[in-house]
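Chemist: What follows is data-v3.cif; its format and atoms are mmCIF, C-alpha atoms.
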```cif
data_target
#
loop_
_atom_site.label_atom_id
_atom_site.label_comp_id
_atom_site.auth_asym_id
_atom_site.auth_seq_id
_atom_site.Cartn_x
_atom_site.Cartn_y
_atom_site.Cartn_z
CA MET A 1 89.68 73.03 78.88
CA PRO A 2 92.65 73.73 81.13
CA HIS A 3 94.53 70.97 82.89
CA ASP A 4 96.45 71.24 86.14
CA GLU A 5 99.54 72.73 84.52
CA SER A 6 97.52 75.67 83.15
CA ARG A 7 95.53 76.30 86.32
CA ARG A 8 96.68 78.58 89.10
CA VAL A 9 95.20 77.91 92.54
CA LEU A 10 95.28 80.92 94.86
CA ASP A 11 95.78 80.35 98.57
CA PRO A 12 94.59 83.29 100.72
CA GLU A 13 97.51 82.97 103.14
CA ARG A 14 100.29 82.31 100.66
CA ASP A 15 98.90 84.50 97.86
CA SER A 16 97.32 87.33 99.85
CA ALA A 17 99.03 90.07 97.84
CA ALA A 18 98.12 88.40 94.54
CA LEU A 19 94.47 88.16 95.61
CA LYS A 20 94.44 91.84 96.50
CA ALA A 21 96.07 92.73 93.19
CA LEU A 22 93.39 90.80 91.30
CA THR A 23 90.59 92.47 93.30
CA HIS A 24 90.27 95.11 90.62
CA PRO A 25 87.72 94.79 87.81
CA LEU A 26 89.95 96.24 85.10
CA ARG A 27 92.76 93.81 85.92
CA ILE A 28 90.29 90.92 85.81
CA ARG A 29 89.12 92.10 82.42
CA LEU A 30 92.61 92.55 81.00
CA LEU A 31 93.58 89.06 82.17
CA GLY A 32 90.47 87.60 80.58
CA MET A 33 91.06 89.35 77.27
CA LEU A 34 94.57 87.91 77.07
CA ARG A 35 93.18 84.45 77.81
CA GLN A 36 90.46 84.62 75.20
CA ASP A 37 92.05 86.67 72.43
CA GLY A 38 95.74 85.91 72.90
CA PRO A 39 98.75 88.19 73.41
CA ALA A 40 98.29 91.93 73.05
CA THR A 41 99.97 95.23 73.80
CA ALA A 42 98.78 97.80 76.32
CA THR A 43 97.75 100.04 73.43
CA GLU A 44 95.64 97.32 71.81
CA LEU A 45 93.93 96.57 75.12
CA SER A 46 93.41 100.28 75.67
CA GLY A 47 91.36 100.49 72.48
CA ARG A 48 89.20 97.52 73.47
CA THR A 49 88.50 98.73 77.01
CA GLN A 50 88.21 102.48 76.37
CA GLU A 51 90.89 103.05 79.00
CA SER A 52 94.04 105.11 78.56
CA SER A 53 97.14 103.24 77.42
CA ALA A 54 98.92 104.50 80.56
CA SER A 55 96.23 102.83 82.65
CA THR A 56 96.29 99.48 80.84
CA SER A 57 100.10 99.48 80.84
CA TYR A 58 100.19 100.08 84.57
CA HIS A 59 97.67 97.36 85.40
CA LEU A 60 99.42 94.87 83.13
CA ARG A 61 102.64 95.49 85.04
CA VAL A 62 100.82 94.81 88.32
CA LEU A 63 99.43 91.55 86.90
CA ALA A 64 102.94 90.61 85.78
CA LYS A 65 104.38 91.37 89.23
CA TYR A 66 102.06 88.77 90.75
CA GLY A 67 102.53 86.13 88.07
CA PHE A 68 99.23 86.41 86.17
CA VAL A 69 100.73 87.67 82.90
CA ALA A 70 104.16 87.67 81.31
CA GLU A 71 105.85 89.22 78.29
CA ALA A 72 105.06 87.48 75.02
CA GLU A 73 107.09 87.30 71.85
CA HIS A 74 107.36 90.76 70.34
CA ARG A 75 106.26 91.54 66.80
CA ASP A 76 108.69 94.43 66.80
CA GLY A 77 110.75 96.32 69.31
CA ARG A 78 108.38 99.21 69.81
CA GLU A 79 105.98 97.95 72.50
CA ARG A 80 105.81 95.00 74.84
CA ARG A 81 103.24 92.31 74.20
CA TRP A 82 101.66 90.47 77.10
CA ARG A 83 100.25 86.96 77.46
CA ALA A 84 98.29 85.17 80.18
CA VAL A 85 100.41 82.70 82.15
CA HIS A 86 97.51 80.39 83.11
CA ALA A 87 94.19 79.52 81.48
CA VAL A 88 92.29 79.36 84.78
CA THR A 89 92.55 80.96 88.20
CA SER A 90 90.84 79.01 90.99
CA TRP A 91 90.44 79.26 94.75
CA ASP A 92 88.56 77.79 97.68
CA ASN A 93 85.43 79.75 98.62
CA ALA A 94 85.60 78.88 102.31
CA ALA A 95 89.23 79.95 102.66
CA VAL A 96 88.69 83.23 100.80
CA SER A 97 85.46 84.02 102.69
CA ALA A 98 87.18 83.58 106.05
CA SER A 99 88.87 86.96 105.67
CA PRO A 100 86.80 90.17 105.25
CA GLU A 101 89.50 91.77 103.11
CA HIS A 102 89.53 88.77 100.76
CA ARG A 103 85.75 88.42 100.72
CA VAL A 104 85.62 91.49 98.49
CA PHE A 105 87.55 89.47 95.90
CA LEU A 106 84.59 87.08 95.57
CA ASP A 107 82.19 89.98 95.07
CA VAL A 108 84.34 91.63 92.41
CA THR A 109 85.01 88.42 90.46
CA ARG A 110 81.36 87.33 90.50
CA ARG A 111 80.22 90.71 89.23
CA ALA A 112 82.90 90.48 86.57
CA GLN A 113 81.59 87.08 85.46
CA ILE A 114 78.02 88.37 85.25
CA GLU A 115 79.09 91.29 83.08
CA HIS A 116 81.08 88.89 80.92
CA LEU A 117 77.93 86.81 80.46
CA GLU A 118 76.03 89.88 79.29
CA ARG A 119 78.70 90.83 76.75
CA SER A 120 79.05 87.23 75.55
CA LEU A 121 75.30 87.07 74.92
CA VAL A 122 75.44 90.25 72.82
CA GLN A 123 78.39 88.94 70.79
CA HIS A 124 76.72 85.53 70.33
CA GLU A 125 73.56 87.13 68.96
CA GLU A 126 75.56 89.40 66.67
CA ASP A 127 77.60 86.47 65.34
CA LEU A 128 74.42 84.51 64.57
CA ALA A 129 72.76 87.50 62.91
CA ALA A 130 75.82 88.15 60.75
CA ALA A 131 76.08 84.44 59.81
CA ARG A 132 79.50 84.19 61.39
CA LEU A 133 78.06 81.10 63.09
CA GLY A 134 76.10 78.50 61.15
CA PRO A 135 72.49 77.50 61.91
CA GLU A 136 73.72 74.25 63.48
CA TRP A 137 74.65 76.29 66.57
CA LEU A 138 71.09 77.51 67.20
CA GLU A 139 69.69 74.42 68.91
CA PRO A 140 72.53 73.55 71.34
CA SER A 141 73.23 77.14 72.41
CA GLY A 142 71.32 79.22 74.91
CA ILE A 143 70.76 79.81 78.61
CA SER A 144 68.76 77.65 80.97
CA ASP A 145 67.99 77.77 84.67
CA LEU A 146 66.70 75.18 87.13
CA LEU A 147 65.44 75.33 90.71
CA LEU A 148 66.51 72.18 92.56
CA ARG A 149 66.48 71.06 96.18
CA LEU A 150 70.00 69.83 96.98
CA THR A 151 72.26 69.28 99.94
CA PRO A 152 75.66 71.02 100.06
CA GLU A 153 77.27 67.68 99.18
CA SER A 154 75.05 67.20 96.13
CA LEU A 155 75.69 70.73 94.90
CA GLY A 156 79.43 70.13 95.20
CA GLU A 157 79.10 66.86 93.29
CA LEU A 158 77.01 68.56 90.59
CA MET A 159 79.62 71.26 90.02
CA GLU A 160 82.45 68.71 89.94
CA ARG A 161 80.61 66.51 87.42
CA PHE A 162 79.85 69.53 85.25
CA GLU A 163 83.48 70.64 85.09
CA ARG A 164 84.73 67.10 84.49
CA SER A 165 82.27 66.58 81.61
CA ALA A 166 83.17 69.94 80.09
CA GLU A 167 86.87 69.08 80.15
CA GLU A 168 86.26 65.68 78.56
CA LEU A 169 84.18 67.14 75.71
CA ALA A 170 86.66 69.93 75.07
CA ASP A 171 89.52 67.43 74.88
CA ARG A 172 87.49 65.32 72.44
CA ASP A 173 86.80 68.28 70.15
CA ALA A 174 90.22 69.92 70.38
CA SER A 175 91.28 68.86 66.88
CA ASP A 176 87.85 69.04 65.23
CA PRO A 177 87.86 71.83 62.58
CA ARG A 178 84.17 72.50 63.28
CA ALA A 179 84.86 73.49 66.88
CA GLU A 180 84.39 77.14 67.87
CA PRO A 181 85.12 78.99 71.11
CA VAL A 182 82.14 78.44 73.43
CA VAL A 183 81.69 80.56 76.54
CA VAL A 184 80.28 78.29 79.25
CA PHE A 185 79.10 79.51 82.65
CA SER A 186 78.08 77.51 85.71
CA ALA A 187 76.41 78.72 88.88
CA GLY A 188 74.96 77.06 91.95
CA LEU A 189 73.38 79.59 94.29
CA PRO A 190 71.55 78.20 97.34
CA LEU A 191 68.62 80.30 98.58
CA ALA A 192 67.25 80.13 102.11
CA THR A 193 63.86 78.40 102.38
CA ARG A 194 61.09 80.93 102.94
CA ASP A 195 57.67 80.83 104.56
CA PRO A 196 54.42 81.72 102.68
CA ALA A 197 55.06 85.40 103.44
CA ASN A 198 58.46 85.14 101.74
CA ARG A 199 60.35 85.48 105.01
CA PRO A 200 63.54 83.42 105.36
CA LEU A 201 63.24 80.56 107.83
CA ALA A 202 65.84 79.94 110.51
CA ASN A 203 69.14 78.45 109.35
CA ARG A 204 68.69 74.68 109.35
CA SER A 205 72.21 73.84 108.23
CA VAL A 206 74.54 72.00 110.55
CA THR A 207 77.61 71.97 108.35
CA SER A 208 78.33 72.93 104.80
CA ARG A 209 81.15 72.32 102.40
CA PRO A 210 81.62 75.35 100.15
CA VAL A 211 82.48 74.46 96.61
CA ALA A 212 85.71 75.76 95.17
CA THR A 213 85.05 78.11 92.33
CA HIS A 214 87.12 79.64 89.59
CA THR A 215 87.18 82.22 86.92
CA THR A 216 88.43 81.27 83.53
CA GLY A 217 89.32 84.85 82.93
CA ALA A 218 85.78 85.83 82.32
CA ALA A 219 86.98 89.31 81.65
CA ALA A 220 84.55 91.90 82.79
CA ASP A 221 84.34 95.63 82.95
CA ARG A 222 84.28 97.53 86.20
CA PRO A 223 81.12 97.05 88.24
CA GLU A 224 79.35 100.37 88.79
CA SER A 225 79.63 99.99 92.55
CA THR A 226 81.92 97.61 94.39
CA ALA A 227 83.71 97.71 97.70
CA ARG A 228 87.49 97.77 97.59
CA THR A 229 90.15 96.25 99.76
CA GLU A 230 93.36 98.04 100.53
CA ASN A 231 95.75 96.80 97.88
CA THR A 232 99.48 96.41 97.93
CA GLU A 233 99.37 98.23 94.59
CA PRO A 234 97.50 101.50 93.99
CA ASP A 235 94.41 101.15 91.82
CA SER A 236 95.62 103.79 89.38
CA PRO A 237 98.97 104.67 87.87
CA PRO A 238 100.78 107.43 89.78
CA ASP A 239 99.66 110.84 88.51
CA SER A 240 97.39 109.11 86.01
CA PRO A 241 93.95 108.33 87.45
CA LEU A 242 91.84 105.63 85.87
CA ASP A 243 89.39 106.83 83.29
CA THR A 244 85.77 106.72 84.30
CA PRO A 245 84.19 103.41 83.25
CA GLY A 246 82.45 103.28 79.93
CA THR A 247 80.77 100.46 78.09
CA PRO A 248 83.71 98.60 76.55
CA PRO A 249 83.43 95.98 73.84
CA ASP A 250 83.19 92.29 74.55
CA SER A 251 85.96 90.27 76.14
CA GLY A 252 86.37 87.12 78.15
CA PRO A 253 88.47 84.09 78.64
CA GLY A 254 87.71 82.03 80.39
CA ALA A 255 88.95 82.88 82.21
CA GLY A 256 88.66 84.21 83.71
CA ALA A 257 89.15 85.36 84.16
CA SER A 258 89.15 83.16 86.24
#
```
What does the file become when written as structure tokens?

Modeler:
Amino acid sequence: MPHDESRRVLDPERDSAALKALTHPLRIRLLGMLRQDGPATATELSGRTQESSASTSYHLRVLAKYGFVAEAEHRDGRERRWRAVHAVTSWDNAAVSASPEHRVFLDVTRRAQIEHLERSLVQHEEDLAAARLGPEWLEPSGISDLLLRLTPESLGELMERFERSAEELADRDASDPRAEPVVVFSAGLPLATRDPANRPLANRSVTSRPVATHTTGAAADRPESTARTENTEPDSPPDSPLDTPGTPPDSGPGAGAS
């Protein structure tokens, strides 16, 4: 798990241009692939995403301009290799939500994380079926969901405890040869209380403390339909429009993308 030195915290006022640059599903996915799979060239990432190499090269340069990626050691002198600068990107939900133009960032990153979950599930099942993972992984792996009644403070505490425990366990297992990459997701989504006719009741909250969230580079493909903010960088390379989205192979960080 990342520590402070490998975590980048985005501030909406100080890092407004960087937030806008990252509000692009393909850039989120490229960043996540570099975090999970290690350094790669634009051509290699092009093959994994079904995008043109001109497109991936352009978006990597945008990510580099805003400090998300940097050049890695080259295998040869023919093409630049890129690496992720940080293992995690984090932000404060309340600060980002305060601005309509930055609110789109939350929508895009959350959709990216959901798509990453779907691809991770497919890869997990394929790895089990092909015996690339041993049977000892069957019992502890999986997806669970709970419906709890919590206050904003308790939800914040729950998320903090979860992340702290995950970091402690990852540190403990860092040198264990049996350890494998494990994609871990967390979500806490309050729902308004409803009456018997399923109609939301009036807002009963007085104050709330939004929980900071992050993407570990949960690299995701483009959502089919997302709003866009005006970016300081064009979404597509000049004279080279982005390819239409396909169904690219798995990727992820953790990221996360975030």

Chemist: On this structure, the PyMOL selection byres ((chain A and resi 176-188) around 9) would catch which residues? List them as a compact mmCIF listing (two decimals) with C-alpha atoms, in the frame of the given file, sorted by chain and number.

Modeler:
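expr00.txt, written as the output of this step:
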```
# COMPACT_ATOMS: atom_id res chain seq x y z
CA GLN A 36 90.46 84.62 75.20
CA GLN A 113 81.59 87.08 85.46
CA LEU A 117 77.93 86.81 80.46
CA SER A 120 79.05 87.23 75.55
CA LEU A 133 78.06 81.10 63.09
CA LEU A 155 75.69 70.73 94.90
CA GLY A 156 79.43 70.13 95.20
CA LEU A 158 77.01 68.56 90.59
CA MET A 159 79.62 71.26 90.02
CA PHE A 162 79.85 69.53 85.25
CA GLU A 163 83.48 70.64 85.09
CA ALA A 166 83.17 69.94 80.09
CA ARG A 172 87.49 65.32 72.44
CA ASP A 173 86.80 68.28 70.15
CA ALA A 174 90.22 69.92 70.38
CA SER A 175 91.28 68.86 66.88
CA LEU A 189 73.38 79.59 94.29
CA PRO A 190 71.55 78.20 97.34
CA ALA A 218 85.78 85.83 82.32
CA GLY A 252 86.37 87.12 78.15
CA PRO A 253 88.47 84.09 78.64
CA GLY A 254 87.71 82.03 80.39
```

Chemist: What gap, in Å, lies between atom CA of A:Thr193 and atom CA of A:Arg149?

Modeler: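 Spanning atom CA of A:Thr193 to atom CA of A:Arg149 is a straight-line distance of 10.0 Å.
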
Chemist: Restricting the calculation to all atoms listed in the file, which member of A:Arg78, A:Leu169, A:Ala95, A:Leu60 is positioned closest to A:Met33?

Modeler: A:Leu60

Chemist: Take the PyMOL selection byres ((chain A and resi 13) around 12), run it mentally on this structure, and tell me the resulting residues as number ranges by chain.

Modeler: A: 9-12, 14-20, 91-92, 95-96, 98-99, 101-102

Chemist: Edge lengths and centre in Å to one decimal, as lines of an AutoDock Vina configuration file, is what I'm after for the box along x, y and z that holds all listed atoms of stretch 151-157 of chain A once 8 Å is added on each side.

Modeler:
```
center_x = 75.8
center_y = 68.9
center_z = 96.7
size_x = 23.2
size_y = 20.2
size_z = 22.8
```

Chemist: I'd like the interatomic distance between atom CA of A:Asp195 and atom CA of A:Pro152, to a tenth of an Å.

Modeler: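 Spanning atom CA of A:Asp195 to atom CA of A:Pro152 is a straight-line distance of 21.0 Å.
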
Chemist: Which neighbours of A:Gly67 fall inside 10 Å, counting all atoms listed in the file, when residues of the same chain fewer than 4 positions from it are skipped, and could you give them as a ChimeraX atom specification?

Modeler: /A:8,18,61-63,84-86

Chemist: Separation of atom CA of A:Val104 and atom CA of A:Ile28, in Å?

Modeler: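 Atom-to-atom, atom CA of A:Val104 and atom CA of A:Ile28 are spaced 13.5 Å apart.
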
Chemist: Taking only C-alpha atoms into account, which of A:Thr151, A:Thr41, A:Gln123, A:Ser90 comes nearest A:Ala70?

Modeler: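 Ranking A:Thr151, A:Thr41, A:Gln123, A:Ser90 by distance to A:Ala70, first place goes to A:Thr41.
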
Chemist: Neighbouring residues of A:Arg81 were defined as those with any atom within 6 Å, considering all atoms listed in the file; residues of the same chain fewer than 2 positions away were excluded. Please report them as a list in words.

Modeler: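 The neighbour list is Ala40, Thr41, Glu71, Ala72 and His74 of chain A.
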
Chemist: Would you list the residues near (95.9, 106.6, 76.4) (no more than 12 Å away, in the coordinates of the file, using all atoms listed in the file) as an MDAnalysis selection string?

Modeler: chainID A and resid 42:58 240:243

Chemist: From the list A:Leu26, A:Leu191, A:Leu138, A:Val88, which residue is nearest A:Val108 when using only C-alpha atoms?

Modeler: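 Going through A:Leu26, A:Leu191, A:Leu138, A:Val88 one by one, the smallest distance to A:Val108 is for A:Leu26.
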